[in-house]
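Just below is one structure, and these are the notes that go with it.
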Amino acid sequence: MSLESVLKRTWQTLWRYRALWVMGFILALASFSWVGGIIGSIGSRIIAGLDWQSLRIDQADFLGLNALAVVVLVLYIPFTMAAYVSEVALIRAVDRRDETGEQQGFLHGFRLGWSRAAWRIFLIDLLISAPATLLLGFLLALMFALLGVLVIPSLPTVIGVFGLLAVIGLFFLTILLAVVVAVALDLLKHFARRACTLDGLGVIDGIRQGYGVIRQNLKDVGLMWLVMLGVSMGWSFVMAPIRYLLMAVFGVTGGAAALLAHNSSGVGSAGSVAAAVAVTVGLAFVVLVLEALLTLLSGLGTVFQSAAWTLTYRDLRATKGPTPEEPAAGESATGEYIGSD
């Protein structure tokens, strides 16, 4: 695999295939980070209001917790679906362009993602991440249990001090191991997703195929990971001043609009209410536009990363021939339903 060729084709794809920008925007928007902030804020307010001394949950708290659960489901399900459909659409659109030079519009590209492959890569992520997450949680819970049951009651004796140091050392060692495992599993996800999406493989076969490509091309995969890490860090470095510049520009614009609304509202209670409404609407508009621009920029970085891994998989796959399973009835070898285009 030529690293230079992959990066050159990735840049050309990003620059010339504008429909991918919309897919990247949707994928960045569906990342659920800002939604998670909303859920966390609501949840913290509910939890802070609980009676922890008696562990009593009154009717209002119970209704609040149920409302939080509904919010999680209502927001999580469609955003997760949009994220995986957009991911599959990006992978297939980049693959087709590199294979045939074909570039389609956004709607056609999005239809490429609406297939069984989106469900399969969701299961791939779940199957790869869940055991590692559960194991990490178990190890951390075990360490905190040892700390509370054996170490802290033994303080300030010598045994207690050494026990405390041992638990602290094990904690940092576990975190370091978790980071290494997370990087390895993230690489496996990249290749398993593309094996499932491009080769029509099932969940288990996709993971096997992805692992096989990584194992046979460990050096090339490692170099690409380092390059992508550098790209990600560089993109974050570039995004930081852009973010603050946009915040300053929109802050000044919003402040000017608020001042204009206040001066034109007149004197009196009616004018004050009108000014407050105008300022609120103006600031909300500023925030929405600012976040939309930042999400679009984030989406461009997402498109570059996804395209780079897709082209890497295409080049490395030639060294390990895929063995796709027979497609299901009514479905093409890439997991699309025949006639969906």
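By convention here, the chains of the structure tokens are called A, B, ... in the order presented, each chain's residues are numbered starting at 1, and ligands are numbered starting at 1 in the order presented.
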
Exercise. Could you give me, as a PyMOL selection string, the residues within 12 Å of stretch 144-155 of chain A, counting only C-alpha atoms and dropping anything in the same chain fewer than 5 positions from it?
Key: chain A and resi 137-139+160-168+170-171

Quiz item: Residues at most 7 Å from A:Cys196, counting only C-alpha atoms, excluding those fewer than 6 positions away in the same chain, as a list in words?
Solution: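 The filter keeps Ala117, Gly202, Val203 and Gly206 of chain A.
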
Exercise. Please measure the separation of atom CA of A:Thr133 and atom CA of A:Val179, giving the value in Å to one decimal.
Key: 11.6 Å

Quiz item: Which polymer residues have any atom within 10 Å of an atom of A:Met81, counting only C-alpha atoms, with same-chain residues fewer than 3 positions away left out, as a PyMOL selection string?
Solution: chain A and resi 30+76-78+84-87+114+118-119+122
